[in-house]
>>> print(open('work_33.csv').read())   # CSV, C-alpha atoms
chain,number,residue,atom,x,y,z
B,1,MET,CA,0.0,0.0,0.0
B,2,LYS,CA,1.2,3.5,-0.8
B,3,ARG,CA,2.2,5.7,2.1
B,4,ARG,CA,0.0,8.5,0.8
B,5,THR,CA,-3.0,6.3,0.7
B,6,LEU,CA,-2.5,5.1,4.2
B,7,ASP,CA,-2.1,8.7,5.5
B,8,ILE,CA,-5.3,9.8,3.8
B,9,MET,CA,-7.2,6.8,5.2
B,10,PHE,CA,-6.1,7.5,8.7
B,11,SER,CA,-6.8,11.3,8.3
B,12,VAL,CA,-10.3,10.6,6.9
B,13,GLY,CA,-11.0,8.3,9.8
B,14,GLY,CA,-9.8,10.9,12.3
B,15,VAL,CA,-12.1,13.5,10.7
B,16,GLY,CA,-15.0,11.1,11.0
B,17,LEU,CA,-14.3,10.4,14.7
B,18,ALA,CA,-13.9,14.1,15.3
B,19,ALA,CA,-17.3,14.7,13.7
B,20,LEU,CA,-18.9,12.0,15.8
B,21,LEU,CA,-17.4,13.5,19.0
B,22,LEU,CA,-18.6,16.9,18.0
B,23,VAL,CA,-22.1,15.6,17.6
B,24,LEU,CA,-21.9,13.9,21.0
B,25,GLY,CA,-20.6,17.1,22.6
B,26,LEU,CA,-23.5,19.1,21.1
B,27,VAL,CA,-26.1,16.5,22.3
B,28,MET,CA,-24.6,16.5,25.8
B,29,THR,CA,-24.5,20.3,25.9
B,30,SER,CA,-28.1,20.3,25.0
B,31,ASN,CA,-29.0,17.8,27.7
B,32,ALA,CA,-26.9,19.8,30.3
B,33,ASN,CA,-28.6,23.0,29.4
B,34,PHE,CA,-32.0,21.4,29.7
B,35,ALA,CA,-31.2,19.9,33.1
B,36,LYS,CA,-29.9,23.3,34.3
B,37,ASN,CA,-32.8,25.3,33.0
B,38,TYR,CA,-35.5,22.8,34.1
B,39,THR,CA,-34.0,22.6,37.7
B,40,HIS,CA,-33.9,26.3,37.9
B,41,ASP,CA,-37.5,26.8,36.7
B,42,GLN,CA,-38.9,24.1,38.9
B,43,LEU,CA,-37.1,25.3,42.1
B,44,SER,CA,-37.8,28.9,41.4
B,45,ALA,CA,-41.6,28.1,41.2
B,46,GLN,CA,-41.4,26.9,44.8
B,47,LYS,CA,-40.4,30.4,46.0
B,48,ILE,CA,-38.2,29.1,48.8
B,49,VAL,CA,-35.9,31.7,50.3
B,50,PHE,CA,-33.0,31.0,52.7
B,51,LYS,CA,-33.2,32.7,56.1
B,52,GLN,CA,-31.2,35.9,56.5
B,53,LYS,CA,-27.8,35.4,58.1
B,54,ASP,CA,-28.9,37.3,61.3
B,55,ALA,CA,-32.0,35.2,61.6
B,56,LEU,CA,-30.1,31.9,61.6
B,57,THR,CA,-30.2,29.9,64.9
B,58,ALA,CA,-27.0,28.8,66.5
B,59,GLU,CA,-27.4,25.3,65.1
B,60,GLU,CA,-28.2,26.6,61.6
B,61,ALA,CA,-25.3,29.0,61.6
B,62,LYS,CA,-22.9,26.0,61.9
B,63,SER,CA,-23.8,25.1,58.3
B,64,SER,CA,-21.4,26.9,55.9
B,65,CYS,CA,-23.8,26.6,53.0
B,66,LEU,CA,-26.8,28.1,55.0
B,67,VAL,CA,-24.5,31.1,55.8
B,68,LYS,CA,-23.3,31.2,52.2
B,69,TYR,CA,-26.8,31.2,50.7
B,70,ALA,CA,-28.4,33.3,53.4
B,71,GLY,CA,-31.2,35.6,52.0
B,72,GLN,CA,-31.0,34.0,48.5
B,73,GLN,CA,-33.9,32.4,46.6
B,74,LEU,CA,-33.4,28.6,46.1
B,75,THR,CA,-32.9,28.1,42.4
B,76,THR,CA,-30.0,25.6,41.9
B,77,GLY,CA,-29.3,22.0,42.6
B,78,LYS,CA,-26.5,22.8,45.1
B,79,GLN,CA,-28.8,25.1,47.0
B,80,ALA,CA,-31.5,22.4,47.0
B,81,GLU,CA,-29.0,20.0,48.5
B,82,CYS,CA,-28.0,22.5,51.2
B,83,TYR,CA,-31.6,23.3,52.1
B,84,ALA,CA,-32.6,19.6,52.3
B,85,ASN,CA,-29.6,18.3,54.3
B,86,ASP,CA,-28.7,21.3,56.4
B,87,PHE,CA,-32.0,23.0,57.1
B,88,ILE,CA,-34.9,20.5,56.7
B,89,ALA,CA,-32.9,17.5,58.1
B,90,LEU,CA,-31.8,19.6,61.1
B,91,HIS,CA,-35.4,20.6,62.0
B,92,LEU,CA,-36.7,17.1,61.4
B,93,SER,CA,-34.1,15.8,63.9
B,94,GLU,CA,-35.5,18.2,66.4
B,95,GLN,CA,-39.1,17.0,66.1
B,96,GLY,CA,-40.4,15.4,69.3
B,97,LYS,CA,-37.5,16.9,71.3
B,98,ASP,CA,-37.5,15.9,75.0
B,99,THR,CA,-39.8,12.9,74.1
B,100,PRO,CA,-39.1,9.2,73.5
B,101,TYR,CA,-39.9,9.9,69.8
B,102,ALA,CA,-37.2,12.6,69.1
B,103,GLY,CA,-35.8,12.6,65.6
B,104,MET,CA,-37.9,9.5,64.5
B,105,THR,CA,-38.8,9.2,60.8
B,106,TYR,CA,-42.4,9.0,59.5
B,107,ALA,CA,-42.1,5.2,59.2
B,108,GLU,CA,-40.6,4.8,62.7
B,109,LEU,CA,-43.4,6.9,64.3
B,110,GLY,CA,-46.0,4.5,63.0
B,111,THR,CA,-45.4,1.9,65.6
B,112,PRO,CA,-45.8,4.1,68.7
B,113,GLN,CA,-48.7,6.0,67.2
B,114,THR,CA,-50.6,2.7,66.6
B,115,ALA,CA,-49.8,1.6,70.2
B,116,LEU,CA,-51.0,4.9,71.6
B,117,ARG,CA,-54.2,4.7,69.5
B,118,ASN,CA,-54.9,1.3,71.0
B,119,GLN,CA,-54.2,2.5,74.5
B,120,VAL,CA,-56.6,5.4,74.1
B,121,ALA,CA,-59.3,3.1,72.8
B,122,ALA,CA,-58.8,0.7,75.6
B,123,ALA,CA,-58.8,3.5,78.2
B,124,LYS,CA,-62.0,4.9,76.9
B,125,LYS,CA,-63.6,1.5,77.0
B,126,ALA,CA,-62.5,1.0,80.6
B,127,ASN,CA,-63.3,4.6,81.6
B,128,ASP,CA,-59.7,5.1,82.6
B,129,PRO,CA,-59.0,8.5,84.2
B,130,ASN,CA,-55.8,8.8,82.2
B,131,VAL,CA,-57.6,9.0,78.9
B,132,ALA,CA,-57.0,12.7,78.5
B,133,THR,CA,-53.2,12.2,79.1
B,134,LEU,CA,-53.1,9.4,76.6
B,135,GLN,CA,-55.1,11.3,74.1
B,136,LYS,CA,-52.7,14.3,74.3
B,137,SER,CA,-49.8,12.0,73.7
B,138,LEU,CA,-51.6,10.5,70.7
B,139,ASP,CA,-52.3,14.0,69.3
B,140,ASP,CA,-48.7,15.1,69.8
B,141,ILE,CA,-47.3,12.1,68.0
B,142,THR,CA,-49.9,12.4,65.2
B,143,THR,CA,-48.9,16.0,64.7
B,144,GLN,CA,-45.2,15.1,64.8
B,145,ARG,CA,-45.7,12.3,62.3
B,146,SER,CA,-47.7,14.6,59.9
B,147,THR,CA,-45.0,17.3,60.1
B,148,THR,CA,-42.3,14.7,59.6
B,149,LEU,CA,-44.1,13.4,56.5
B,150,ASN,CA,-44.2,16.9,55.0
B,151,GLY,CA,-40.6,17.6,55.8
B,152,GLU,CA,-39.4,14.3,54.4
B,153,THR,CA,-41.4,14.7,51.3
B,154,LEU,CA,-40.0,18.2,50.6
B,155,ARG,CA,-36.5,17.0,51.4
B,156,GLY,CA,-36.8,14.1,49.0
B,157,LEU,CA,-38.1,16.3,46.2
B,158,LEU,CA,-35.3,18.8,46.7
B,159,LEU,CA,-32.6,16.0,46.7
B,160,THR,CA,-34.2,14.6,43.6
B,161,SER,CA,-33.8,18.0,41.9
B,162,PHE,CA,-30.2,18.1,43.1
B,163,GLY,CA,-29.6,14.7,41.6
B,164,PHE,CA,-31.1,15.8,38.3
B,165,SER,CA,-28.8,18.8,38.3
B,166,VAL,CA,-25.8,16.6,38.9
B,167,PHE,CA,-26.6,14.6,35.7
B,168,GLY,CA,-26.6,18.0,33.9
B,169,ASP,CA,-23.2,18.9,35.3
B,170,LYS,CA,-21.8,15.5,34.3
B,171,GLY,CA,-23.3,16.0,30.8
B,172,ALA,CA,-21.5,19.3,30.6
B,173,GLN,CA,-18.2,17.7,31.6
B,174,VAL,CA,-18.6,14.9,29.0
B,175,ALA,CA,-19.4,17.6,26.3
B,176,THR,CA,-16.2,19.5,27.2
B,177,ILE,CA,-14.1,16.3,26.9
B,178,ALA,CA,-15.7,15.5,23.6
B,179,TYR,CA,-15.0,18.9,22.2
B,180,ILE,CA,-11.3,18.7,23.3
B,181,VAL,CA,-10.8,15.2,21.9
B,182,ALA,CA,-12.6,16.2,18.6
B,183,ALA,CA,-10.3,19.3,18.3
B,184,LEU,CA,-7.2,17.1,18.8
B,185,LEU,CA,-8.4,14.5,16.2
B,186,ALA,CA,-9.1,17.3,13.8
B,187,LEU,CA,-5.6,18.7,14.2
B,188,LEU,CA,-4.0,15.3,13.8
B,189,SER,CA,-6.1,14.6,10.7
B,190,LEU,CA,-4.9,17.9,9.2
B,191,ALA,CA,-1.4,17.0,9.9
B,192,GLY,CA,-2.0,13.6,8.3
B,193,PHE,CA,-3.3,15.2,5.1
B,194,TRP,CA,-0.4,17.6,5.1
B,195,HIS,CA,2.0,14.7,5.4
B,196,ALA,CA,0.2,12.7,2.8
B,197,PHE,CA,0.5,15.3,0.1
B,198,ARG,CA,4.1,15.9,0.9
B,199,THR,CA,4.9,12.2,0.4
B,200,PRO,CA,5.8,11.1,-3.1
B,201,VAL,CA,3.1,9.0,-4.7
B,202,THR,CA,5.6,6.2,-5.3
B,203,VAL,CA,6.6,5.7,-1.7
B,204,ALA,CA,5.1,2.5,-0.3
B,205,VAL,CA,4.5,1.5,3.3
B,206,GLY,CA,7.4,-0.4,4.8
B,207,GLU,CA,9.4,0.0,1.6
B,208,PRO,CA,13.1,-0.7,2.4
B,209,GLU,CA,15.6,2.0,1.7
B,210,HIS,CA,17.7,1.5,-1.5
B,211,VAL,CA,21.2,0.4,-0.4
B,212,VAL,CA,24.2,0.7,-2.7
B,213,PRO,CA,25.9,-2.7,-2.7
B,214,ALA,CA,29.4,-2.7,-1.2
B,215,GLU,CA,32.3,-3.1,-3.7
B,216,PRO,CA,34.0,-6.4,-3.2
B,217,VAL,CA,37.3,-6.3,-1.4
B,218,GLY,CA,39.1,-8.0,-4.3
B,219,ALA,CA,37.9,-5.4,-6.7
B,220,ARG,CA,39.2,-2.6,-4.5
B,221,LEU,CA,42.6,-4.3,-4.2
B,222,ALA,CA,42.8,-4.8,-7.9
B,223,GLY,CA,42.2,-1.2,-8.6
B,224,VAL,CA,45.0,-0.1,-6.3
>>> encode(input="work_33.csv", output="structure tokens")
Amino acid sequence: MKRRTLDIMFSVGGVGLAALLLVLGLVMTSNANFAKNYTHDQLSAQKIVFKQKDALTAEEAKSSCLVKYAGQQLTTGKQAECYANDFIALHLSEQGKDTPYAGMTYAELGTPQTALRNQVAAAKKANDPNVATLQKSLDDITTQRSTTLNGETLRGLLLTSFGFSVFGDKGAQVATIAYIVAALLALLSLAGFWHAFRTPVTVAVGEPEHVVPAEPVGARLAGV
């Protein structure tokens, strides 16, 4: 095979791969922009605003991101992660403080709530004087469980938005890599074309160099 032909084949292949990577980069950029814009629009619609810095409690002020985003509207995935993990999770952990049910999740609260409900029913049936106390405990845990459900639901939705935004960030990174590699392949292909048209048409791949045969020793001595 002629060297020029081989150079042209590799160069054309490089151009083709560069084009594919360019298309991949454009697709990933489009996906990244969609994820970013969609996350922004959905979070903005919730109209969640971080507390002002001077309004943060001592526990809230320990969070660097709550301090960083103080007073801002929640519109990005990173802000959603902060609000979910450092604000909502903190207040959920304080639910039922000074009770045996402190910090319990919605699922965990189901067991003691059911037990209290049965105790109230039994106390009413037996005309137990402690009915009022038991009823108050049931009302408290029911309120706690309802609040916990709302908090966990919002926290889950915010973290889902954060996860969706991360996919967008990864897509942007892939697009950047695709553009860089496509540019390198395009440059190498141009170099290949340049080399191909500088190489004589007659040069073949792996063609051995022409070596002038050595003059026999006897002939050299005879000529002396």
>>> residues_around(input="work_33.csv", residues="segment 182-192 of chain B", least_positions_apart="5", cutoff="7 Å", atoms="all atoms listed in the file", output="list in words")
Asp7, Ile8, Ser11, Val12, Gly14, Val15, Ala18, Ala19, Leu21 and Leu22 of chain B
>>> atom_distance(input="work_33.csv", atom1="atom CA of Gly16 of chain B", atom2="atom CA of Phe197 of chain B")
19.4 Å
>>> closest_atom_pairs(input="work_33.csv", of="segment 117-158 of chain B", to="segment 92-111 of chain B", cutoff="9 Å", atoms="only C-alpha atoms", output="tab-separated table")
residue	atom	partner	partner_atom	distance
B:Asp140	CA	B:Gly96	CA	8.3
B:Ile141	CA	B:Leu109	CA	7.5
B:Thr142	CA	B:Leu109	CA	8.6
B:Gln144	CA	B:Gln95	CA	6.5
B:Arg145	CA	B:Tyr106	CA	5.4
B:Ser146	CA	B:Tyr106	CA	7.7
B:Thr147	CA	B:Leu92	CA	8.4
B:Thr148	CA	B:Tyr106	CA	5.7
B:Leu149	CA	B:Tyr106	CA	5.6
B:Gly151	CA	B:Leu92	CA	6.8
B:Glu152	CA	B:Tyr106	CA	7.9
>>> closest_atom_pairs(input="work_33.csv", of="segment 7-85 of chain B", to="segment 163-170 of chain B", cutoff="8 Å", atoms="all atoms listed in the file", output="CSV")
residue,atom,partner,partner_atom,distance
B:Asn31,CA,B:Gly168,CA,6.7
B:Ala32,CA,B:Gly168,CA,4.0
B:Asn33,CA,B:Gly168,CA,7.0
B:Phe34,CA,B:Gly168,CA,7.6
B:Ala35,CA,B:Gly168,CA,5.0
B:Lys36,CA,B:Ser165,CA,6.1
B:Thr39,CA,B:Ser165,CA,6.5
B:Thr76,CA,B:Ser165,CA,7.8
B:Gly77,CA,B:Ser165,CA,5.4
>>> closest_residue(input="work_33.csv", among="B:Arg155, B:Lys78, B:Arg198, B:Arg4", to="Leu90 of chain B", atoms="all atoms listed in the file")
B:Arg155
>>> closest_residue(input="work_33.csv", among="B:Leu6, B:Ala70, B:Val23, B:Leu17", to="Ala175 of chain B", atoms="only C-alpha atoms")
B:Val23
>>> atom_distance(input="work_33.csv", atom1="atom CA of Leu159 of chain B", atom2="atom CA of Glu81 of chain B")
5.7 Å
>>> build_atoms(input="work_33.csv", residues="segment 164-191 of chain B", atoms="N, CA and C atoms", output="PDB file, in the coordinates of the input")
ATOM      1  N   PHE B 164     -30.863  15.466  39.756  1.00  0.00           N
ATOM      2  CA  PHE B 164     -31.100  15.800  38.300  1.00  0.00           C
ATOM      3  C   PHE B 164     -30.091  16.806  37.848  1.00  0.00           C
ATOM      4  N   SER B 165     -29.791  17.787  38.695  1.00  0.00           N
ATOM      5  CA  SER B 165     -28.800  18.800  38.300  1.00  0.00           C
ATOM      6  C   SER B 165     -27.430  18.244  38.166  1.00  0.00           C
ATOM      7  N   VAL B 166     -27.108  17.230  38.981  1.00  0.00           N
ATOM      8  CA  VAL B 166     -25.800  16.600  38.900  1.00  0.00           C
ATOM      9  C   VAL B 166     -25.618  15.912  37.542  1.00  0.00           C
ATOM     10  N   PHE B 167     -26.687  15.254  37.060  1.00  0.00           N
ATOM     11  CA  PHE B 167     -26.600  14.600  35.700  1.00  0.00           C
ATOM     12  C   PHE B 167     -26.337  15.709  34.672  1.00  0.00           C
ATOM     13  N   GLY B 168     -26.917  16.887  34.849  1.00  0.00           N
ATOM     14  CA  GLY B 168     -26.600  18.000  33.900  1.00  0.00           C
ATOM     15  C   GLY B 168     -25.190  18.408  33.969  1.00  0.00           C
ATOM     16  N   ASP B 169     -24.628  18.487  35.185  1.00  0.00           N
ATOM     17  CA  ASP B 169     -23.200  18.900  35.300  1.00  0.00           C
ATOM     18  C   ASP B 169     -22.307  17.822  34.688  1.00  0.00           C
ATOM     19  N   LYS B 170     -22.630  16.541  34.892  1.00  0.00           N
ATOM     20  CA  LYS B 170     -21.800  15.500  34.300  1.00  0.00           C
ATOM     21  C   LYS B 170     -21.915  15.544  32.764  1.00  0.00           C
ATOM     22  N   GLY B 171     -23.105  15.857  32.259  1.00  0.00           N
ATOM     23  CA  GLY B 171     -23.300  16.000  30.800  1.00  0.00           C
ATOM     24  C   GLY B 171     -22.407  17.103  30.250  1.00  0.00           C
ATOM     25  N   ALA B 172     -22.321  18.223  30.990  1.00  0.00           N
ATOM     26  CA  ALA B 172     -21.500  19.300  30.600  1.00  0.00           C
ATOM     27  C   ALA B 172     -20.013  18.938  30.551  1.00  0.00           C
ATOM     28  N   GLN B 173     -19.599  18.140  31.533  1.00  0.00           N
ATOM     29  CA  GLN B 173     -18.200  17.700  31.600  1.00  0.00           C
ATOM     30  C   GLN B 173     -17.893  16.760  30.408  1.00  0.00           C
ATOM     31  N   VAL B 174     -18.815  15.844  30.115  1.00  0.00           N
ATOM     32  CA  VAL B 174     -18.600  14.900  29.000  1.00  0.00           C
ATOM     33  C   VAL B 174     -18.538  15.743  27.676  1.00  0.00           C
ATOM     34  N   ALA B 175     -19.382  16.752  27.550  1.00  0.00           N
ATOM     35  CA  ALA B 175     -19.400  17.600  26.300  1.00  0.00           C
ATOM     36  C   ALA B 175     -18.027  18.294  26.188  1.00  0.00           C
ATOM     37  N   THR B 176     -17.487  18.813  27.282  1.00  0.00           N
ATOM     38  CA  THR B 176     -16.200  19.500  27.200  1.00  0.00           C
ATOM     39  C   THR B 176     -15.090  18.546  26.774  1.00  0.00           C
ATOM     40  N   ILE B 177     -15.082  17.330  27.338  1.00  0.00           N
ATOM     41  CA  ILE B 177     -14.100  16.300  26.900  1.00  0.00           C
ATOM     42  C   ILE B 177     -14.232  15.980  25.473  1.00  0.00           C
ATOM     43  N   ALA B 178     -15.482  15.808  25.038  1.00  0.00           N
ATOM     44  CA  ALA B 178     -15.700  15.500  23.600  1.00  0.00           C
ATOM     45  C   ALA B 178     -15.224  16.551  22.705  1.00  0.00           C
ATOM     46  N   TYR B 179     -15.431  17.819  23.057  1.00  0.00           N
ATOM     47  CA  TYR B 179     -15.000  18.900  22.200  1.00  0.00           C
ATOM     48  C   TYR B 179     -13.425  18.932  22.143  1.00  0.00           C
ATOM     49  N   ILE B 180     -12.773  18.694  23.286  1.00  0.00           N
ATOM     50  CA  ILE B 180     -11.300  18.700  23.300  1.00  0.00           C
ATOM     51  C   ILE B 180     -10.727  17.599  22.448  1.00  0.00           C
ATOM     52  N   VAL B 181     -11.274  16.380  22.628  1.00  0.00           N
ATOM     53  CA  VAL B 181     -10.800  15.200  21.900  1.00  0.00           C
ATOM     54  C   VAL B 181     -11.061  15.437  20.367  1.00  0.00           C
ATOM     55  N   ALA B 182     -12.230  15.974  20.043  1.00  0.00           N
ATOM     56  CA  ALA B 182     -12.600  16.200  18.600  1.00  0.00           C
ATOM     57  C   ALA B 182     -11.607  17.227  18.020  1.00  0.00           C
ATOM     58  N   ALA B 183     -11.241  18.258  18.780  1.00  0.00           N
ATOM     59  CA  ALA B 183     -10.300  19.300  18.300  1.00  0.00           C
ATOM     60  C   ALA B 183      -8.919  18.618  18.030  1.00  0.00           C
ATOM     61  N   LEU B 184      -8.474  17.769  18.957  1.00  0.00           N
ATOM     62  CA  LEU B 184      -7.200  17.100  18.800  1.00  0.00           C
ATOM     63  C   LEU B 184      -7.178  16.187  17.579  1.00  0.00           C
ATOM     64  N   LEU B 185      -8.271  15.430  17.406  1.00  0.00           N
ATOM     65  CA  LEU B 185      -8.400  14.500  16.200  1.00  0.00           C
ATOM     66  C   LEU B 185      -8.382  15.343  14.943  1.00  0.00           C
ATOM     67  N   ALA B 186      -9.053  16.475  14.956  1.00  0.00           N
ATOM     68  CA  ALA B 186      -9.100  17.300  13.800  1.00  0.00           C
ATOM     69  C   ALA B 186      -7.707  17.828  13.404  1.00  0.00           C
ATOM     70  N   LEU B 187      -6.951  18.237  14.419  1.00  0.00           N
ATOM     71  CA  LEU B 187      -5.600  18.700  14.200  1.00  0.00           C
ATOM     72  C   LEU B 187      -4.692  17.600  13.659  1.00  0.00           C
ATOM     73  N   LEU B 188      -4.810  16.427  14.274  1.00  0.00           N
ATOM     74  CA  LEU B 188      -4.000  15.300  13.800  1.00  0.00           C
ATOM     75  C   LEU B 188      -4.374  14.889  12.394  1.00  0.00           C
ATOM     76  N   SER B 189      -5.650  14.979  12.064  1.00  0.00           N
ATOM     77  CA  SER B 189      -6.100  14.600  10.700  1.00  0.00           C
ATOM     78  C   SER B 189      -5.528  15.635   9.690  1.00  0.00           C
ATOM     79  N   LEU B 190      -5.530  16.924  10.054  1.00  0.00           N
ATOM     80  CA  LEU B 190      -4.900  17.900   9.200  1.00  0.00           C
ATOM     81  C   LEU B 190      -3.453  17.673   8.963  1.00  0.00           C
ATOM     82  N   ALA B 191      -2.786  17.282  10.059  1.00  0.00           N
ATOM     83  CA  ALA B 191      -1.400  17.000   9.900  1.00  0.00           C
ATOM     84  C   ALA B 191      -1.170  15.748   9.035  1.00  0.00           C
TER      85      ALA B 191
END
